[in-house]
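Worksheet: the structure to be examined is printed underneath.
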Amino acid sequence: MAEAHPTIRYVERSGAPVLEVGGTWTVFSMRGLGRQAEQARRAARGRDPRLVDASAVKRLDTAGALEILQLAGANAETEVRTDDQHHAALFKVVQSNMKAAPPARHEAWMFHVFEEVGRDMVDLLRQIVNLCAFSGEILVIFIEACVQPRRFRIGVVVRQMLEVWIKALMIVGVLCFLIGVVIAYQGVQQLRQFGAETFTVEAVGIGMFRELGVLLTAIIVAGRSGSAFTAQIGTMQVNQEVDAMRTIGLNPIEWLVLPRLLALVISMPLLAFWGDMTGLLGGAVACTVYLDFTFVQFFDRLRDTVGAWHFYTGMIKAPVFGFVIAAIGCFEGLQVKGSAESVGQLTTRSVVEAIFVVIVLDAVFSIIFLLADV
Amino acid sequence: MTAETLAEGGQIVDHRDGREIALRLRGVRTQFGSNVIHNHLDFDVFRGEIVGLVGGSGTGKSVLLRTIIGLNQARRGKIEVLGIDTHSLHGKTERQLQSRTGVQFQDGALFSSLTVAENIIVPIREHAGLDEEMMRCIAALKIALVGLPADTGDKKPSELSGGMRKRASLARALALDPELLFLDEPTAGLDPIGAAHYDELIGELRKNLDLTVIMVTHDLDSLYAVCDRVAVLLDKRVVAGTIDELLAYDHPWVQEYFRGPRGRAAARQESNGSNG
């Protein structure tokens with residue numbers, strides 16, 4: 001489409017300013033009109049013409065009509081003269097609708113920053129309150145389910161365990177194995193400088209048992225299963241499936257949240273144990289390569305020097321982390337409102353929050369174990 | 001009358017009257033796997049008219065609409081939109097054609113991360129590239145044109161009701177003043193008053209903006225109120241005609257559709273309306 005350009009001219013006719021427009025006035029032809037309009041406006045010397053002569057206009061659409069009327073001062077009394085019936089109708093439609101055009105809203109950036117920060121703070125507080133209420137609701141359902149065990153929905157729990165436990169074994173195993181290798185390698189390098197390289201075994205054992213095994217597992221699970229919980233429940237929320245469940249009399253906490261929670265609380269220790277074992281295997285492999293240990297020597301030394309409590313501390317943390325990840329994942333899923341965008345936002349938030357809380361709790365556990373001297 | 005005696009373009013009686021053809025389908029076949037949806041389908045729409053597309057559930061109304069606007073490839077046949085063959089269309093011609101047609105999807109399909117005004121600006125920025133101030137004014141005009149309050153522009157689609165979303169979606173479809181407008185169930189889910197206003201709006205816009213409109217609809221009131229002709233999907237083909245012609249058309253589905261209780265009610269209302 002070769003577009004003829006729009007033309008603008010201000011003229012005086014019997015003492016009154018008249019805006020003469022011609023050519024093609026469509027949304028495609030008006031690019032770069034600003035300068036031309038500015039020149040014409042200067043020629044008019046600040047007087048708004050009451051009359052627009054549009055008889056020379058070849059093609060017109062709503063955008064063009066709007067622009068012409070705005071050049072004439074966007075006045076409701078502006079009179080438009082045109083020979084074309086269609087154009088006249090268009091001008092009339094646009095003129096009767098354009099009073100509604102609101103001015104562009106410009107906010108000072110300072111104002112904007114304060115507004116955002118304030119909003120975020122209020123959101124955070126509300127979030128904490130809601131999370132507490134949510135935990136309470138879970139607790140109530142849990143106690144009810146203890147009285148009526150069939151409300152634990154074992155079938156759903158088992159299906160979830162397949163997802164969060166069995167299908168996570170591969171990735172958790174591989175990552176923990178690699179971390180075991182890395183720690184052992186670094187341990188040998190550093191400890192060799194003062195002839196203590198055999199302590200690498202303790203480094204791997206204590207490191208994996210106490211912190212790394214369970215923490216790595218928790219982070220993988222938060223990214224894998226916590227996000228999946230949010231996305232699943234969030235999508236159901238968008239499709240009004242959760243509302244449908246409520247009207248049928250199925251409690252979403254009982255059907256969606258509790259099974260996922262139980263599945264993860266059971267699966268996390270199992271996964272963490274698996275992570276510990278693969279981590280030790282990685283350490284053992286590295287020690288055979290860099291230290292000329294045999295497997296038997298490695299595990300002998302491990303048995304002699306690393307006490308059982310190192311293992312227990314990790315295992316105590318695992319179900320707690322599982323609970324936190326599942327609770328946050330489900331909670332954020334139920335927060336989803338309206339759109340697909342909100343599913344994405346809340347999934348991100350669920351993962352970030354879960355990892356954050358897991359690490360904070362890990363620090364709290366460290367203090368507790370320090371005080372308990374284990 | 002049988003399908004064999006139809007006039008050109010699946011019409012019962014030829015209504016062309018020398019008008020330009022806005023949409024022309026010839027021998028179109030669509031299928032998913034081995035499931036044939038349309039076969040040997042001919043369909044013409046002339047410039048300036050409003051055509052309603054009806055059919056039973058599963059007869060492929062939406063599929064036909066998607067095929068015409070190029071979201072679904074026809075297996076066979078020829079589709080001309082505004083005189084341009086859409087087969088293997090690409091690059092500049094495709095973009096130009098897209099800027100001359102507008103589509104309103106069933107649930108709005110507004111971009112959920114943008115405000116309503118931004119939604120309307122998207123096609124303008126993409127195809128025309130005017131300066132921001134001008135585009136904002138155009139967006140405000142379109143919002144007023146479809147009968148939404150001015151503050152709707154700053155809202156997100158998720159904050160709107162279903163009916164408002166439909167109007168907002170229509171505003172986006174109208175952003176570039178298209179010549180051909182496709183509406184998918186525009187009045188479904190609206191209350192009768194809202195639906196009647198919507199019909200009026202479509203009629204007004206057609207008159208003022210010189211639109212050609214093709215709407216998939218189940219709303220018999222809409223068919224009577226605004227549609228010049230009705231295209232019925234029957235036996236994988238289109239049979240098009242005015243309502244009077246279709247009333248005389250001998251096919252059980254058509255007869256039940258227009259002569260059923262709802263069809264009669266809509267017809268009565270229409271005749272009352274035109275008498276009073």
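Just remember, in the structure tokens the first chain shown is A, the second B, etc., residues are 1-based per chain, and ligands are 1-based in the order shown.
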
Can you list, as a ChimeraX atom specification, every residue of range 158-196 of chain B that DSSP puts in helix (DSSP H, G or I)?
/B:158-159,162-173,192-196

Hey, can you spit out that residue selection with C-alpha atoms as a CSV table (one decimal), in the first residue's frame?
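What landed in part18.csv:
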chain,number,residue,atom,x,y,z
B,158,SER,CA,-8.0,-9.9,35.1
B,159,GLU,CA,-9.7,-7.0,36.8
B,162,GLY,CA,-16.3,-11.2,31.3
B,163,GLY,CA,-18.5,-8.8,29.3
B,164,MET,CA,-15.9,-6.0,29.7
B,165,ARG,CA,-13.2,-8.3,28.6
B,166,LYS,CA,-15.1,-9.0,25.4
B,167,ARG,CA,-15.5,-5.3,24.7
B,168,ALA,CA,-11.8,-4.7,25.4
B,169,SER,CA,-10.9,-7.5,23.1
B,170,LEU,CA,-13.2,-5.9,20.4
B,171,ALA,CA,-11.4,-2.6,21.0
B,172,ARG,CA,-8.1,-4.3,20.3
B,173,ALA,CA,-9.5,-6.0,17.2
B,192,PRO,CA,-29.4,-10.2,27.5
B,193,ILE,CA,-29.2,-6.4,27.9
B,194,GLY,CA,-25.4,-6.5,27.5
B,195,ALA,CA,-25.8,-8.7,24.4
B,196,ALA,CA,-28.3,-6.4,22.9

When the cut-off is 8 Å and we count only C-alpha atoms, which residues of chain A are near chain B, given as a short mmCIF file (atom, residue, chain, number, x, y, z; two decimals) with C-alpha atoms, in the first residue's frame?
data_model
loop_
_atom_site.label_atom_id
_atom_site.label_comp_id
_atom_site.auth_asym_id
_atom_site.auth_seq_id
_atom_site.Cartn_x
_atom_site.Cartn_y
_atom_site.Cartn_z
CA VAL A 27 -3.20 4.99 11.18
CA PHE A 28 -0.54 3.89 8.68
CA SER A 29 0.05 7.27 7.06
CA MET A 30 0.55 9.42 10.13
CA ARG A 31 4.01 8.34 11.18
CA GLY A 32 6.24 11.36 11.72
CA ASP A 61 -10.04 6.14 9.56
CA THR A 62 -10.80 6.70 13.22
CA ALA A 63 -7.18 7.37 14.14
CA LEU A 66 -9.03 11.77 15.97
CA GLU A 67 -5.74 13.39 15.01
CA HIS A 86 -18.58 8.22 5.30
CA ALA A 89 -20.07 9.86 9.93
CA LEU A 90 -16.59 8.98 11.12
CA VAL A 93 -18.46 9.10 15.90
CA VAL A 94 -14.99 10.17 16.93
CA ASN A 97 -16.36 9.61 21.86
CA MET A 98 -13.18 11.57 22.28
CA ALA A 100 -13.33 10.42 27.25
CA ALA A 101 -9.63 10.52 26.41
CA PRO A 102 -7.82 10.76 29.74
CA ALA A 104 -1.43 10.47 30.33
CA GLY A 338 -7.03 -14.84 37.66
CA SER A 339 -4.32 -15.06 35.10
CA ALA A 340 -1.61 -17.29 33.75
CA GLU A 341 0.92 -14.62 34.62
#

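One finds CA of Ile12 in chain B at 16.0 Å from CA of Cys227 in chain B.
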
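Minimum distance to Glu202 in chain A across A:Ser225, A:Ser135, A:Thr305, A:Thr313 (counting only C-alpha atoms) occurs at A:Thr305.
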
I'd like the contact shell of Leu23 in chain B - 6 Å cut-off, only C-alpha atoms, skipping same-chain residues fewer than 4 positions apart - returned as a ChimeraX atom specification.
/B:44-45,80-82

Can you pull out every residue within 10 Å of Ala222 in chain A, counting only C-alpha atoms, but drop anything in the same chain fewer than 6 positions away, and send it as a ChimeraX atom specification?
/A:216,228-229,321-322,324-326,328-329,350-355,358

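Coordinates place CA of Phe134 in chain A at a distance of 17.8 Å from CA of Phe152 in chain A.
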
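Every protein or nucleic acid residue with an atom no more than 8 Å from Cys176 in chain A, counting only C-alpha atoms and leaving out same-chain residues fewer than 2 positions away, appears here: Val172, Gly173, Val174, Leu178, Ile179, Gly180, Gly213, Leu216, Gly275, Asp276, Thr278, Gly279 and Gly282 of chain A.
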
Could you dump the residues just selected with N, CA and C atoms as a PDB file, in the first residue's frame?
ATOM      1  N   VAL A 172      19.115 -36.194  42.341  1.00  0.00           N
ATOM      2  CA  VAL A 172      19.715 -36.016  43.658  1.00  0.00           C
ATOM      3  C   VAL A 172      20.985 -36.855  43.748  1.00  0.00           C
ATOM      4  N   GLY A 173      20.910 -38.107  43.276  1.00  0.00           N
ATOM      5  CA  GLY A 173      22.068 -38.991  43.337  1.00  0.00           C
ATOM      6  C   GLY A 173      23.247 -38.429  42.575  1.00  0.00           C
ATOM      7  N   VAL A 174      23.022 -38.001  41.363  1.00  0.00           N
ATOM      8  CA  VAL A 174      24.110 -37.500  40.519  1.00  0.00           C
ATOM      9  C   VAL A 174      24.757 -36.266  41.155  1.00  0.00           C
ATOM     10  N   LEU A 178      28.598 -35.898  42.720  1.00  0.00           N
ATOM     11  CA  LEU A 178      29.583 -34.932  42.214  1.00  0.00           C
ATOM     12  C   LEU A 178      30.103 -34.051  43.337  1.00  0.00           C
ATOM     13  N   ILE A 179      29.202 -33.608  44.233  1.00  0.00           N
ATOM     14  CA  ILE A 179      29.644 -32.765  45.346  1.00  0.00           C
ATOM     15  C   ILE A 179      30.583 -33.560  46.260  1.00  0.00           C
ATOM     16  N   GLY A 180      30.278 -34.855  46.471  1.00  0.00           N
ATOM     17  CA  GLY A 180      31.173 -35.707  47.264  1.00  0.00           C
ATOM     18  C   GLY A 180      32.568 -35.747  46.652  1.00  0.00           C
ATOM     19  N   GLY A 213      24.293 -33.009  52.344  1.00  0.00           N
ATOM     20  CA  GLY A 213      23.350 -33.996  51.796  1.00  0.00           C
ATOM     21  C   GLY A 213      21.930 -33.473  51.864  1.00  0.00           C
ATOM     22  N   LEU A 216      21.415 -29.854  49.938  1.00  0.00           N
ATOM     23  CA  LEU A 216      21.353 -30.002  48.478  1.00  0.00           C
ATOM     24  C   LEU A 216      20.027 -30.623  48.067  1.00  0.00           C
ATOM     25  N   GLY A 275      20.937 -39.110  49.183  1.00  0.00           N
ATOM     26  CA  GLY A 275      21.934 -38.089  48.861  1.00  0.00           C
ATOM     27  C   GLY A 275      23.202 -38.304  49.667  1.00  0.00           C
ATOM     28  N   ASP A 276      23.052 -38.589  50.973  1.00  0.00           N
ATOM     29  CA  ASP A 276      24.210 -38.860  51.836  1.00  0.00           C
ATOM     30  C   ASP A 276      25.043 -40.012  51.277  1.00  0.00           C
ATOM     31  N   THR A 278      25.102 -41.390  48.209  1.00  0.00           N
ATOM     32  CA  THR A 278      25.785 -41.149  46.932  1.00  0.00           C
ATOM     33  C   THR A 278      26.934 -40.167  47.125  1.00  0.00           C
ATOM     34  N   GLY A 279      26.767 -39.224  48.062  1.00  0.00           N
ATOM     35  CA  GLY A 279      27.845 -38.275  48.358  1.00  0.00           C
ATOM     36  C   GLY A 279      29.060 -39.007  48.903  1.00  0.00           C
ATOM     37  N   GLY A 282      30.774 -40.791  46.191  1.00  0.00           N
ATOM     38  CA  GLY A 282      31.609 -39.867  45.418  1.00  0.00           C
ATOM     39  C   GLY A 282      32.909 -39.594  46.138  1.00  0.00           C
TER      40      GLY A 282
END

CA of Pro17 in chain A to CA of Ala88 in chain A, distance in Å rounded to a single decimal
20.5 Å

Extract, using only C-alpha atoms, all DNA, RNA and protein residues at most 9 Å from range 141-150 of chain A, discarding same-chain residues fewer than 4 positions from it, and format them as an mmCIF file with N, CA and C atoms, in the first residue's frame.
data_model
loop_
_atom_site.group_PDB
_atom_site.id
_atom_site.type_symbol
_atom_site.label_atom_id
_atom_site.label_comp_id
_atom_site.auth_asym_id
_atom_site.auth_seq_id
_atom_site.Cartn_x
_atom_site.Cartn_y
_atom_site.Cartn_z
ATOM 1 N N GLY A 136 -2.295 -23.332 60.362
ATOM 2 C CA GLY A 136 -3.327 -23.727 61.317
ATOM 3 C C GLY A 136 -4.383 -24.603 60.669
ATOM 4 N N GLU A 137 -4.791 -24.203 59.470
ATOM 5 C CA GLU A 137 -5.810 -24.975 58.751
ATOM 6 C C GLU A 137 -5.316 -26.401 58.474
ATOM 7 N N ILE A 154 -4.478 -42.075 51.040
ATOM 8 C CA ILE A 154 -3.197 -42.742 50.823
ATOM 9 C C ILE A 154 -2.873 -42.870 49.338
ATOM 10 N N ILE A 253 -7.727 -28.452 51.036
ATOM 11 C CA ILE A 253 -6.599 -28.742 51.925
ATOM 12 C C ILE A 253 -6.454 -30.258 52.076
ATOM 13 N N GLU A 254 -7.585 -30.919 52.231
ATOM 14 C CA GLU A 254 -7.549 -32.357 52.459
ATOM 15 C C GLU A 254 -7.116 -33.101 51.195
ATOM 16 N N LEU A 258 -2.777 -31.733 51.928
ATOM 17 C CA LEU A 258 -2.302 -32.727 52.894
ATOM 18 C C LEU A 258 -1.554 -33.888 52.222
#

Write out as a PDB file with N, CA and C atoms, in the first residue's frame which residues come within 10 Å of Lys78 in chain B when counting only C-alpha atoms, dropping same-chain ones fewer than 6 positions away.
ATOM      1  N   ARG B  24     -13.480 -15.306   0.340  1.00  0.00           N
ATOM      2  CA  ARG B  24     -13.897 -16.265  -0.671  1.00  0.00           C
ATOM      3  C   ARG B  24     -13.233 -17.595  -0.380  1.00  0.00           C
ATOM      4  N   LEU B  25     -14.048 -18.611  -0.100  1.00  0.00           N
ATOM      5  CA  LEU B  25     -13.532 -19.963   0.135  1.00  0.00           C
ATOM      6  C   LEU B  25     -14.032 -20.870  -0.968  1.00  0.00           C
ATOM      7  N   ARG B  26     -13.135 -21.672  -1.501  1.00  0.00           N
ATOM      8  CA  ARG B  26     -13.526 -22.591  -2.571  1.00  0.00           C
ATOM      9  C   ARG B  26     -12.946 -23.972  -2.313  1.00  0.00           C
ATOM     10  N   GLY B  27     -13.823 -24.974  -2.220  1.00  0.00           N
ATOM     11  CA  GLY B  27     -13.392 -26.370  -2.091  1.00  0.00           C
ATOM     12  C   GLY B  27     -12.490 -26.625  -0.889  1.00  0.00           C
ATOM     13  N   VAL B  28     -12.768 -25.947   0.217  1.00  0.00           N
ATOM     14  CA  VAL B  28     -11.876 -26.070   1.369  1.00  0.00           C
ATOM     15  C   VAL B  28     -12.128 -27.373   2.106  1.00  0.00           C
ATOM     16  N   ARG B  29     -11.029 -28.028   2.490  1.00  0.00           N
ATOM     17  CA  ARG B  29     -11.131 -29.254   3.269  1.00  0.00           C
ATOM     18  C   ARG B  29     -10.208 -29.106   4.467  1.00  0.00           C
ATOM     19  N   LEU B  41     -15.980 -27.182   0.841  1.00  0.00           N
ATOM     20  CA  LEU B  41     -16.729 -26.079   1.432  1.00  0.00           C
ATOM     21  C   LEU B  41     -16.532 -24.804   0.599  1.00  0.00           C
ATOM     22  N   ASP B  42     -17.638 -24.228   0.136  1.00  0.00           N
ATOM     23  CA  ASP B  42     -17.617 -22.942  -0.574  1.00  0.00           C
ATOM     24  C   ASP B  42     -18.311 -21.913   0.298  1.00  0.00           C
ATOM     25  N   ASP B  85      -4.852 -14.405  -1.726  1.00  0.00           N
ATOM     26  CA  ASP B  85      -4.815 -15.838  -1.450  1.00  0.00           C
ATOM     27  C   ASP B  85      -3.926 -16.074  -0.238  1.00  0.00           C
ATOM     28  N   THR B  86      -4.495 -16.687   0.809  1.00  0.00           N
ATOM     29  CA  THR B  86      -3.725 -16.818   2.045  1.00  0.00           C
ATOM     30  C   THR B  86      -2.786 -18.006   2.037  1.00  0.00           C
ATOM     31  N   HIS B  87      -2.852 -18.824   0.999  1.00  0.00           N
ATOM     32  CA  HIS B  87      -1.980 -19.995   0.980  1.00  0.00           C
ATOM     33  C   HIS B  87      -0.527 -19.566   0.827  1.00  0.00           C
TER      34      HIS B  87
END

How would you write, as an MDAnalysis selection string, the set of residues in range 98-233 of chain B that DSSP gives as strand (DSSP E or B)?
chainID B and resid 101:105 108 180:184 212:216 229:233
